$ cat target38.cif   # mmCIF, C-alpha atoms and all ligand atoms
data_final
#
loop_
_atom_site.label_atom_id
_atom_site.label_comp_id
_atom_site.auth_asym_id
_atom_site.auth_seq_id
_atom_site.Cartn_x
_atom_site.Cartn_y
_atom_site.Cartn_z
CA MET A 1392 210.29 232.07 146.02
CA GLY A 1393 208.00 231.57 148.97
CA ARG A 1394 206.76 235.16 148.94
CA ARG A 1395 205.79 235.08 145.28
CA SER A 1396 202.36 233.80 144.28
CA ASP A 1397 201.75 231.26 141.57
CA ALA A 1398 200.35 234.08 139.46
CA ALA A 1399 203.87 235.44 139.34
CA VAL A 1400 205.19 232.38 137.54
CA GLY A 1401 207.38 233.64 134.75
CA ARG A 1402 205.45 236.87 134.41
CA SER A 1403 207.81 239.47 135.84
CA ARG A 1404 208.17 242.30 133.35
CA GLU A 1405 211.86 242.77 134.00
CA GLU A 1406 212.86 239.14 133.80
CA PRO A 1407 210.25 236.79 132.37
CA ASN A 1408 211.91 233.65 133.82
CA ALA A 1409 212.76 235.04 137.26
CA PHE A 1410 210.34 232.80 139.14
CA ALA A 1411 211.63 229.55 137.61
CA ARG A 1412 215.24 230.62 138.04
CA ASP A 1413 214.68 231.42 141.73
CA LEU A 1414 212.76 228.21 142.29
CA PHE A 1415 215.24 225.83 140.67
CA ASP A 1416 218.50 227.49 141.68
CA GLY A 1417 218.28 226.04 145.17
CA LEU A 1418 216.98 222.57 144.34
CA PRO A 1419 219.48 220.45 142.41
CA ALA A 1420 221.22 218.67 145.30
CA ARG A 1421 218.29 216.45 146.23
CA TYR A 1422 216.15 216.96 143.18
CA ASP A 1423 216.19 213.45 141.77
CA ALA A 1424 215.08 211.59 144.88
CA LEU A 1425 212.51 214.21 145.74
CA GLU A 1426 211.04 214.29 142.25
CA GLU A 1427 209.93 210.71 142.80
CA LEU A 1428 208.33 211.74 146.07
CA LEU A 1429 206.49 214.63 144.42
CA SER A 1430 205.12 212.29 141.75
CA PHE A 1431 204.11 209.64 144.27
CA GLY A 1432 206.79 207.34 142.83
CA GLN A 1433 205.27 207.54 139.33
CA ASN A 1434 207.76 209.84 137.60
CA HIS A 1435 209.88 207.02 136.23
CA ARG A 1436 206.86 205.32 134.60
CA TRP A 1437 205.63 208.58 133.08
CA ARG A 1438 209.08 209.43 131.73
CA SER A 1439 209.41 205.97 130.31
CA ALA A 1440 206.12 206.38 128.41
CA MET A 1441 207.26 209.72 126.97
CA VAL A 1442 210.72 208.44 126.02
CA GLY A 1443 209.15 205.33 124.47
CA ALA A 1444 207.08 207.55 122.15
CA VAL A 1445 210.32 209.12 120.89
CA ALA A 1446 212.41 205.94 120.81
CA GLU A 1447 210.03 204.08 118.50
CA ALA A 1448 210.75 206.65 115.74
CA ARG A 1449 214.53 205.92 115.99
CA PRO A 1450 215.68 209.54 115.90
CA ARG A 1451 219.32 210.45 115.25
CA SER A 1452 219.06 213.70 117.19
CA VAL A 1453 216.83 214.74 120.10
CA LEU A 1454 216.46 218.09 121.83
CA ASP A 1455 215.38 217.72 125.46
CA VAL A 1456 214.09 221.09 126.67
CA ALA A 1457 214.23 221.81 130.43
CA PRO A 1458 216.27 218.66 131.20
CA GLY A 1459 217.08 219.89 134.72
CA THR A 1460 219.30 217.22 136.23
CA ALA A 1461 219.27 215.22 132.97
CA GLY A 1462 217.09 212.28 134.03
CA VAL A 1463 215.15 212.30 130.76
CA ALA A 1464 218.28 212.88 128.68
CA LEU A 1465 219.94 209.85 130.30
CA MET A 1466 216.89 207.70 129.64
CA LEU A 1467 216.84 208.88 126.01
CA ALA A 1468 220.51 207.92 125.71
CA ARG A 1469 219.79 204.44 127.07
CA ARG A 1470 216.84 203.84 124.76
CA THR A 1471 217.95 205.47 121.50
CA ASP A 1472 221.16 205.85 119.48
CA ALA A 1473 220.54 209.58 119.13
CA GLU A 1474 222.81 212.51 119.86
CA ILE A 1475 221.00 214.35 122.65
CA THR A 1476 221.09 218.06 123.35
CA GLY A 1477 219.58 219.43 126.55
CA VAL A 1478 218.86 223.12 127.13
CA ASP A 1479 217.69 224.53 130.44
CA LEU A 1480 217.27 227.93 131.99
CA THR A 1481 218.95 227.09 135.28
CA GLU A 1482 222.70 226.64 135.39
CA GLN A 1483 222.64 224.94 138.80
CA MET A 1484 220.29 222.22 137.56
CA LEU A 1485 222.46 221.68 134.49
CA ARG A 1486 225.60 221.46 136.62
CA ARG A 1487 224.05 218.61 138.55
CA GLY A 1488 222.84 217.11 135.25
CA GLY A 1489 226.36 217.35 133.81
CA ALA A 1490 227.76 215.49 136.82
CA ARG A 1491 225.21 212.70 136.37
CA VAL A 1492 225.99 212.46 132.66
CA ALA A 1493 229.72 212.27 133.39
CA HIS A 1494 229.13 209.68 136.11
CA ALA A 1495 227.16 207.55 133.64
CA GLY A 1496 230.04 207.86 131.13
CA GLU A 1497 227.53 209.06 128.53
CA ARG A 1498 229.17 210.87 125.60
CA ARG A 1499 226.10 211.49 123.44
CA ILE A 1500 224.55 214.11 125.74
CA ARG A 1501 225.44 217.81 125.53
CA LEU A 1502 223.89 220.29 127.97
CA ALA A 1503 223.69 224.07 127.57
CA VAL A 1504 221.93 227.06 129.10
CA ALA A 1505 219.10 228.43 126.96
CA ARG A 1506 215.46 229.50 127.23
CA ALA A 1507 212.65 227.42 125.75
CA GLU A 1508 211.12 230.67 124.50
CA GLN A 1509 214.14 231.46 122.34
CA LEU A 1510 216.08 228.39 121.26
CA PRO A 1511 219.54 228.94 119.78
CA PHE A 1512 219.00 226.53 116.87
CA PRO A 1513 217.97 226.94 113.22
CA ASP A 1514 214.59 225.64 112.02
CA ALA A 1515 214.16 221.86 111.67
CA THR A 1516 217.44 221.00 113.44
CA PHE A 1517 216.27 217.94 115.41
CA ASP A 1518 214.59 214.63 114.58
CA ALA A 1519 212.68 214.73 117.88
CA LEU A 1520 212.02 216.95 120.88
CA THR A 1521 210.97 216.26 124.47
CA PHE A 1522 210.02 218.60 127.30
CA THR A 1523 209.06 217.77 130.87
CA TYR A 1524 207.35 219.87 133.54
CA LEU A 1525 208.04 223.02 131.52
CA LEU A 1526 204.88 224.83 130.44
CA ARG A 1527 203.79 225.87 133.95
CA TYR A 1528 206.91 228.03 134.09
CA VAL A 1529 206.53 230.01 130.87
CA SER A 1530 204.36 233.09 130.52
CA ASP A 1531 203.04 232.22 127.04
CA PRO A 1532 202.72 228.43 126.52
CA ALA A 1533 201.31 228.80 122.99
CA ALA A 1534 204.23 230.93 121.81
CA THR A 1535 206.71 228.61 123.55
CA LEU A 1536 205.18 225.60 121.80
CA ARG A 1537 205.60 227.34 118.44
CA GLU A 1538 209.25 227.92 119.25
CA LEU A 1539 209.74 224.27 120.31
CA ALA A 1540 208.05 222.99 117.14
CA ARG A 1541 210.15 225.30 114.97
CA VAL A 1542 213.37 223.39 115.64
CA VAL A 1543 211.90 219.93 114.86
CA ARG A 1544 212.17 218.62 111.31
CA PRO A 1545 208.88 217.93 109.47
CA GLY A 1546 207.64 214.48 110.47
CA GLY A 1547 209.74 214.51 113.67
CA THR A 1548 208.30 213.48 117.03
CA VAL A 1549 207.40 215.88 119.83
CA ALA A 1550 206.61 214.39 123.26
CA SER A 1551 206.00 215.89 126.68
CA LEU A 1552 205.28 215.02 130.28
CA GLU A 1553 203.44 217.16 132.81
CA PHE A 1554 201.68 216.58 136.09
CA GLY A 1555 197.91 216.23 135.78
CA VAL A 1556 194.90 216.65 138.05
CA PRO A 1557 192.97 213.41 138.72
CA PRO A 1558 189.25 213.83 138.02
CA GLY A 1559 186.24 212.59 139.95
CA PRO A 1560 184.74 212.67 143.43
CA VAL A 1561 187.25 210.20 144.93
CA TRP A 1562 190.63 210.84 143.35
CA LEU A 1563 190.48 214.62 143.18
CA PRO A 1564 190.00 215.05 146.96
CA ALA A 1565 192.65 212.38 147.59
CA TRP A 1566 195.07 214.17 145.23
CA ARG A 1567 194.33 217.51 146.92
CA LEU A 1568 195.00 216.00 150.33
CA TYR A 1569 198.28 214.57 149.07
CA THR A 1570 199.46 217.76 147.38
CA ARG A 1571 198.27 220.17 150.11
CA VAL A 1572 199.14 218.20 153.25
CA VAL A 1573 201.38 215.21 152.60
CA LEU A 1574 203.71 216.83 150.07
CA PRO A 1575 204.69 219.89 152.11
CA GLY A 1576 205.22 217.71 155.18
CA ALA A 1577 207.18 215.03 153.37
CA GLY A 1578 209.09 217.71 151.49
CA TYR A 1579 210.12 219.30 154.77
CA LEU A 1580 211.17 216.02 156.34
CA THR A 1581 213.30 214.99 153.38
CA GLY A 1582 214.53 218.26 151.89
CA GLY A 1583 214.07 220.93 154.55
CA ARG A 1584 212.35 224.31 154.17
CA GLU A 1585 213.14 224.71 150.49
CA TRP A 1586 211.34 221.49 149.63
CA ALA A 1587 208.45 222.20 151.96
CA ARG A 1588 207.93 225.34 149.85
CA VAL A 1589 208.07 223.33 146.65
CA GLY A 1590 205.57 220.93 148.18
CA ARG A 1591 203.19 223.81 148.98
CA PHE A 1592 203.62 225.39 145.57
CA LEU A 1593 203.17 222.34 143.38
CA GLY A 1594 199.47 221.40 143.83
CA PRO A 1595 198.04 224.92 143.39
CA SER A 1596 200.42 225.53 140.46
CA ILE A 1597 199.20 222.41 138.65
CA GLU A 1598 195.51 223.20 139.24
CA GLU A 1599 195.92 226.81 138.15
CA HIS A 1600 197.70 225.66 134.97
CA TYR A 1601 194.78 223.43 133.92
CA ARG A 1602 192.20 226.05 134.89
CA ARG A 1603 193.88 228.41 132.44
CA TYR A 1604 194.75 225.78 129.85
CA PRO A 1605 192.49 222.70 130.00
CA ILE A 1606 193.88 219.58 128.31
CA GLN A 1607 191.83 220.21 125.16
CA GLN A 1608 193.44 223.65 124.90
CA HIS A 1609 196.87 222.03 125.15
CA VAL A 1610 195.93 219.86 122.19
CA GLU A 1611 194.84 222.95 120.26
CA MET A 1612 198.04 224.81 121.17
CA TRP A 1613 200.11 221.89 119.88
CA SER A 1614 198.08 221.84 116.69
CA ASP A 1615 198.40 225.62 116.23
CA ALA A 1616 202.16 225.22 116.69
CA GLY A 1617 202.30 222.92 113.66
CA ILE A 1618 202.18 219.56 115.44
CA GLU A 1619 199.73 216.99 114.10
CA ASP A 1620 198.44 213.62 115.21
CA VAL A 1621 198.44 214.89 118.79
CA ARG A 1622 197.63 212.24 121.37
CA THR A 1623 197.24 212.52 125.13
CA ARG A 1624 197.67 209.78 127.68
CA SER A 1625 196.56 210.28 131.27
CA MET A 1626 198.52 208.04 133.63
CA SER A 1627 198.26 207.08 137.29
CA LEU A 1628 194.57 208.05 137.62
CA GLY A 1629 195.29 211.36 135.90
CA GLY A 1630 198.29 212.39 138.02
CA GLY A 1631 200.57 212.39 134.97
CA LEU A 1632 199.91 213.54 131.42
CA VAL A 1633 202.03 212.34 128.49
CA MET A 1634 201.48 214.02 125.12
CA ARG A 1635 202.92 213.18 121.73
CA GLY A 1636 202.59 214.34 118.14
CA ARG A 1637 204.45 214.82 114.85
CA ARG A 1638 205.78 218.01 113.32
CA ARG A 1639 203.56 218.78 110.38
CA ARG A 1640 205.02 218.45 106.88
CA ASP A 1641 204.03 221.82 105.41
C1 LIG B 1 210.58 220.50 137.42
S1 LIG B 1 212.10 220.71 136.58
C2 LIG B 1 212.06 219.32 135.50
C3 LIG B 1 213.42 218.85 135.09
C4 LIG B 1 213.42 217.62 134.20
N1 LIG B 1 212.68 217.86 132.99
C5 LIG B 1 212.91 216.42 134.91
O1 LIG B 1 211.90 215.86 134.49
O2 LIG B 1 213.52 216.02 135.92
C6 LIG B 1 211.72 222.04 135.51
C7 LIG B 1 212.93 222.53 134.75
O3 LIG B 1 212.48 223.50 133.81
C8 LIG B 1 213.48 224.48 133.68
N2 LIG B 1 212.84 225.67 133.08
C9 LIG B 1 211.86 226.42 133.60
N3 LIG B 1 211.53 227.40 132.74
C10 LIG B 1 212.32 227.24 131.65
C11 LIG B 1 212.44 227.94 130.42
N4 LIG B 1 211.68 228.99 130.14
N5 LIG B 1 213.36 227.51 129.51
C12 LIG B 1 214.14 226.42 129.78
N6 LIG B 1 214.08 225.73 130.94
C13 LIG B 1 213.16 226.12 131.86
C14 LIG B 1 213.95 224.68 135.11
O4 LIG B 1 215.20 225.31 135.14
C15 LIG B 1 213.98 223.24 135.59
O5 LIG B 1 215.24 222.64 135.40
#
$ encode --input "target38.cif" --output "structure tokens"
Amino acid sequence: MGRRSDAAVGRSREEPNAFARDLFDGLPARYDALEELLSFGQNHRWRSAMVGAVAEARPRSVLDVAPGTAGVALMLARRTDAEITGVDLTEQMLRRGGARVAHAGERRIRLAVARAEQLPFPDATFDALTFTYLLRYVSDPAATLRELARVVRPGGTVASLEFGVPPGPVWLPAWRLYTRVVLPGAGYLTGGREWARVGRFLGPSIEEHYRRYPIQQHVEMWSDAGIEDVRTRSMSLGGGLVMRGRRRRD
């Protein structure tokens, strides 16, 4: 993972998801605690805002794409009565997620290996869909969004969470300092070399993502995928971005 550049994210010809698989295979053991560190302790708030957007529509079924260690799926289970399906590329992350689900005694969550780019479900299967920290790892975000929207029933809610880049002359330099210096150091101290690498990777990966796909382009990609009423909410001075919309009734 360390030798590959951000430009390689998900773009290998032989295996389009090789970068993400390599990156996440080694992370599950300490992922949950360290995720809070990487988000400056804000991840829980951001997740809660995204899950709230879904919960208010009272869905009976939710697909959580890229659930990793199932933090979002567990929050969805606590805040809705829905049956929740989680699909993720990385078996190791799901194994850890499965253990957390079992520990919580939660019977409404099912987890399975699948790619966001090719979901193993018929059209309009779910009342709602969530995805978190996913689009930086796919080679074609617009096509992936079309595939995500495909499995949501017309009128159903789609909501997402992604890191953001704080704007302005004060917060941007502060964010850069945090992501370039503090994160790698704190990652190393708490999670060893693997997490120092994640710390180094994260800031440049986020900035590169928004250089290629500014927020307005995200909104357009959602709209082109058949999602309407798209709203964005920047949180924590821009460090987190929650998006929500509704699957268009054609
Ligand atoms: C940063 S983790 C986020 C996990 C979880 N959503 C959370 O908020 O804790 C990103 C997850 O995306 C998954 N992932 C990356 N590319 C994927 C793809 N193309 N299809 C499905 N899952 C993918 C990884 O395996 C990993 O579990």
$ residues_around --input "target38.cif" --residues "Arg1637 in chain A" --least-positions-apart "6" --cutoff "12 Å" --atoms "only C-alpha atoms" --output "VMD selection string"
chain A and resid 1444 to 1445 1448 1518 to 1521 1540 to 1541 1543 to 1551 1613 to 1614 1616 to 1622
$ residues_around --input "target38.cif" --residues "Ala1565 in chain A" --least-positions-apart "5" --cutoff "12 Å" --atoms "all atoms listed in the file" --output "PDB file with C-alpha atoms, in the frame of the given file"
ATOM      1  CA  VAL A1556     194.900 216.650 138.050  1.00  0.00           C
ATOM      2  CA  PRO A1557     192.970 213.410 138.720  1.00  0.00           C
ATOM      3  CA  PRO A1558     189.250 213.830 138.020  1.00  0.00           C
ATOM      4  CA  GLY A1559     186.240 212.590 139.950  1.00  0.00           C
ATOM      5  CA  PRO A1560     184.740 212.670 143.430  1.00  0.00           C
ATOM      6  CA  THR A1570     199.460 217.760 147.380  1.00  0.00           C
ATOM      7  CA  ARG A1571     198.270 220.170 150.110  1.00  0.00           C
ATOM      8  CA  VAL A1572     199.140 218.200 153.250  1.00  0.00           C
ATOM      9  CA  VAL A1573     201.380 215.210 152.600  1.00  0.00           C
ATOM     10  CA  GLY A1594     199.470 221.400 143.830  1.00  0.00           C
ATOM     11  CA  LEU A1628     194.570 208.050 137.620  1.00  0.00           C
ATOM     12  CA  GLY A1630     198.290 212.390 138.020  1.00  0.00           C
TER      13      GLY A1630
END
$ closest_residue --input "target38.cif" --among "A:Phe1512, A:Trp1562, A:Tyr1569, A:Phe1554" --to "Leu1539 in chain A" --atoms "only C-alpha atoms"
A:Phe1512
$ residues_near_ligand --input "target38.cif" --ligand "ligand LIG 1 (chain B)" --cutoff "6 Å" --atoms "only C-alpha atoms and all ligand atoms" --output "list in words"
Asn1408, Ala1411, Phe1415, Ala1457, Pro1458, Gly1459, Thr1460, Gly1462, Asp1479, Leu1480, Thr1481, Met1484, Arg1506, Ala1507, Glu1508, Thr1523, Tyr1524, Leu1525, Tyr1528 and Val1529 of chain A
$ write_last_selection --input "target38.cif" --atoms "C-alpha atoms" --output "JSON list (two decimals), keeping the file's coordinate frame"
[["chain", "number", "residue", "atom", "x", "y", "z"],
["A", 1408, "ASN", "CA", 211.91, 233.65, 133.82],
["A", 1411, "ALA", "CA", 211.63, 229.55, 137.61],
["A", 1415, "PHE", "CA", 215.24, 225.83, 140.67],
["A", 1457, "ALA", "CA", 214.23, 221.81, 130.43],
["A", 1458, "PRO", "CA", 216.27, 218.66, 131.20],
["A", 1459, "GLY", "CA", 217.08, 219.89, 134.72],
["A", 1460, "THR", "CA", 219.30, 217.22, 136.23],
["A", 1462, "GLY", "CA", 217.09, 212.28, 134.03],
["A", 1479, "ASP", "CA", 217.69, 224.53, 130.44],
["A", 1480, "LEU", "CA", 217.27, 227.93, 131.99],
["A", 1481, "THR", "CA", 218.95, 227.09, 135.28],
["A", 1484, "MET", "CA", 220.29, 222.22, 137.56],
["A", 1506, "ARG", "CA", 215.46, 229.50, 127.23],
["A", 1507, "ALA", "CA", 212.65, 227.42, 125.75],
["A", 1508, "GLU", "CA", 211.12, 230.67, 124.50],
["A", 1523, "THR", "CA", 209.06, 217.77, 130.87],
["A", 1524, "TYR", "CA", 207.35, 219.87, 133.54],
["A", 1525, "LEU", "CA", 208.04, 223.02, 131.52],
["A", 1528, "TYR", "CA", 206.91, 228.03, 134.09],
["A", 1529, "VAL", "CA", 206.53, 230.01, 130.87]]
$ closest_atom_pairs --input "target38.cif" --of "range 1493-1521 of chain A" --to "range 1464-1469 of chain A" --cutoff "9 Å" --atoms "only C-alpha atoms" --output "Markdown table"
| residue | atom | partner | partner_atom | distance |
| --- | --- | --- | --- | --- |
| A:Ala1495 | CA | A:Leu1465 | CA | 8.3 |
| A:Glu1497 | CA | A:Ala1468 | CA | 7.7 |
| A:Arg1499 | CA | A:Ala1468 | CA | 7.0 |
| A:Ile1500 | CA | A:Ala1464 | CA | 7.0 |
$ closest_residue --input "target38.cif" --among "A:Arg1501, A:Asp1641, A:Gly1629, A:Gly1555" --to "Arg1602 in chain A" --atoms "all atoms listed in the file"
A:Gly1555
$ closest_residue --input "target38.cif" --among "A:Arg1498, A:Arg1588, A:His1435, A:Arg1487" --to "Leu1414 in chain A" --atoms "only C-alpha atoms"
A:Arg1588
$ closest_residue --input "target38.cif" --among "A:Glu1553, A:Pro1564, A:Val1492, A:Ser1627" --to "Ile1606 in chain A" --atoms "only C-alpha atoms"
A:Glu1553
$ decode --input "target38.cif" --residues "range 1454-1549 of chain A" --atoms "C-alpha atoms" --output "mmCIF file, in the first residue's frame"
data_model
loop_
_atom_site.group_PDB
_atom_site.id
_atom_site.type_symbol
_atom_site.label_atom_id
_atom_site.label_comp_id
_atom_site.auth_asym_id
_atom_site.auth_seq_id
_atom_site.Cartn_x
_atom_site.Cartn_y
_atom_site.Cartn_z
ATOM 1 C CA LEU A 1454 -28.507 -1.262 2.123
ATOM 2 C CA ASP A 1455 -25.305 0.044 3.729
ATOM 3 C CA VAL A 1456 -22.541 -0.045 1.117
ATOM 4 C CA ALA A 1457 -18.930 -0.278 2.357
ATOM 5 C CA PRO A 1458 -19.957 -0.877 5.998
ATOM 6 C CA GLY A 1459 -16.431 -1.944 6.965
ATOM 7 C CA THR A 1460 -16.624 -2.859 10.630
ATOM 8 C CA ALA A 1461 -20.392 -2.192 10.697
ATOM 9 C CA GLY A 1462 -20.449 1.018 12.747
ATOM 10 C CA VAL A 1463 -23.035 2.644 10.478
ATOM 11 C CA ALA A 1464 -25.075 -0.557 10.192
ATOM 12 C CA LEU A 1465 -25.248 -0.815 13.994
ATOM 13 C CA MET A 1466 -26.341 2.804 14.285
ATOM 14 C CA LEU A 1467 -29.001 2.215 11.620
ATOM 15 C CA ALA A 1468 -30.248 -0.785 13.601
ATOM 16 C CA ARG A 1469 -30.493 1.310 16.764
ATOM 17 C CA ARG A 1470 -32.361 4.153 15.074
ATOM 18 C CA THR A 1471 -34.676 2.336 12.648
ATOM 19 C CA ASP A 1472 -36.763 -0.854 12.577
ATOM 20 C CA ALA A 1473 -35.301 -1.763 9.191
ATOM 21 C CA GLU A 1474 -33.688 -4.971 8.017
ATOM 22 C CA ILE A 1475 -30.127 -3.912 7.185
ATOM 23 C CA THR A 1476 -27.860 -5.425 4.567
ATOM 24 C CA GLY A 1477 -24.205 -4.433 4.421
ATOM 25 C CA VAL A 1478 -21.939 -5.201 1.466
ATOM 26 C CA ASP A 1479 -18.216 -4.534 1.457
ATOM 27 C CA LEU A 1480 -15.260 -5.412 -0.704
ATOM 28 C CA THR A 1481 -12.980 -6.478 2.139
ATOM 29 C CA GLU A 1482 -13.645 -9.731 3.929
ATOM 30 C CA GLN A 1483 -11.395 -8.853 6.880
ATOM 31 C CA MET A 1484 -13.351 -5.678 7.608
ATOM 32 C CA LEU A 1485 -16.622 -7.595 7.405
ATOM 33 C CA ARG A 1486 -15.315 -10.290 9.733
ATOM 34 C CA ARG A 1487 -14.654 -7.656 12.360
ATOM 35 C CA GLY A 1488 -18.058 -6.111 11.569
ATOM 36 C CA GLY A 1489 -19.746 -9.499 11.991
ATOM 37 C CA ALA A 1490 -18.126 -9.913 15.413
ATOM 38 C CA ARG A 1491 -19.397 -6.496 16.505
ATOM 39 C CA VAL A 1492 -22.895 -7.279 15.242
ATOM 40 C CA ALA A 1493 -22.889 -10.595 17.107
ATOM 41 C CA HIS A 1494 -21.569 -8.914 20.249
ATOM 42 C CA ALA A 1495 -24.405 -6.381 20.067
ATOM 43 C CA GLY A 1496 -26.900 -9.264 19.703
ATOM 44 C CA GLU A 1497 -28.282 -7.547 16.595
ATOM 45 C CA ARG A 1498 -30.306 -9.901 14.373
ATOM 46 C CA ARG A 1499 -31.472 -7.425 11.731
ATOM 47 C CA ILE A 1500 -28.041 -6.934 10.134
ATOM 48 C CA ARG A 1501 -26.700 -9.219 7.392
ATOM 49 C CA LEU A 1502 -23.207 -8.664 5.979
ATOM 50 C CA ALA A 1503 -21.837 -9.986 2.688
ATOM 51 C CA VAL A 1504 -18.888 -9.477 0.358
ATOM 52 C CA ALA A 1505 -19.736 -7.519 -2.788
ATOM 53 C CA ARG A 1506 -18.485 -4.591 -4.861
ATOM 54 C CA ALA A 1507 -20.299 -1.265 -4.922
ATOM 55 C CA GLU A 1508 -19.723 -1.192 -8.679
ATOM 56 C CA GLN A 1509 -21.720 -4.381 -9.215
ATOM 57 C CA LEU A 1510 -24.334 -4.994 -6.549
ATOM 58 C CA PRO A 1511 -25.903 -8.458 -6.411
ATOM 59 C CA PHE A 1512 -29.475 -7.148 -6.043
ATOM 60 C CA PRO A 1513 -32.353 -6.527 -8.462
ATOM 61 C CA ASP A 1514 -33.496 -2.972 -9.233
ATOM 62 C CA ALA A 1515 -35.430 -1.104 -6.517
ATOM 63 C CA THR A 1516 -34.746 -3.692 -3.788
ATOM 64 C CA PHE A 1517 -34.206 -1.323 -0.838
ATOM 65 C CA ASP A 1518 -36.172 1.486 0.806
ATOM 66 C CA ALA A 1519 -32.934 3.357 1.569
ATOM 67 C CA LEU A 1520 -29.192 3.221 0.956
ATOM 68 C CA THR A 1521 -26.188 4.623 2.811
ATOM 69 C CA PHE A 1522 -22.503 4.703 1.916
ATOM 70 C CA THR A 1523 -19.581 6.079 3.906
ATOM 71 C CA TYR A 1524 -16.029 6.943 2.840
ATOM 72 C CA LEU A 1525 -16.505 4.974 -0.386
ATOM 73 C CA LEU A 1526 -16.180 7.107 -3.500
ATOM 74 C CA ARG A 1527 -12.453 7.862 -3.092
ATOM 75 C CA TYR A 1528 -11.824 4.153 -3.611
ATOM 76 C CA VAL A 1529 -13.720 3.573 -6.848
ATOM 77 C CA SER A 1530 -12.332 4.331 -10.286
ATOM 78 C CA ASP A 1531 -15.589 5.725 -11.703
ATOM 79 C CA PRO A 1532 -17.698 7.487 -9.029
ATOM 80 C CA ALA A 1533 -20.438 8.481 -11.500
ATOM 81 C CA ALA A 1534 -20.951 4.898 -12.689
ATOM 82 C CA THR A 1535 -20.829 3.624 -9.095
ATOM 83 C CA LEU A 1536 -23.496 6.130 -8.064
ATOM 84 C CA ARG A 1537 -25.742 4.909 -10.888
ATOM 85 C CA GLU A 1538 -25.300 1.358 -9.629
ATOM 86 C CA LEU A 1539 -26.080 2.399 -6.022
ATOM 87 C CA ALA A 1540 -29.195 4.310 -7.109
ATOM 88 C CA ARG A 1541 -30.388 1.370 -9.206
ATOM 89 C CA VAL A 1542 -31.128 -0.797 -6.168
ATOM 90 C CA VAL A 1543 -33.147 1.883 -4.309
ATOM 91 C CA ARG A 1544 -36.905 1.984 -4.822
ATOM 92 C CA PRO A 1545 -38.349 5.189 -6.344
ATOM 93 C CA GLY A 1546 -38.830 7.738 -3.562
ATOM 94 C CA GLY A 1547 -36.311 5.944 -1.311
ATOM 95 C CA THR A 1548 -33.590 7.827 0.567
ATOM 96 C CA VAL A 1549 -29.910 7.836 -0.377
#
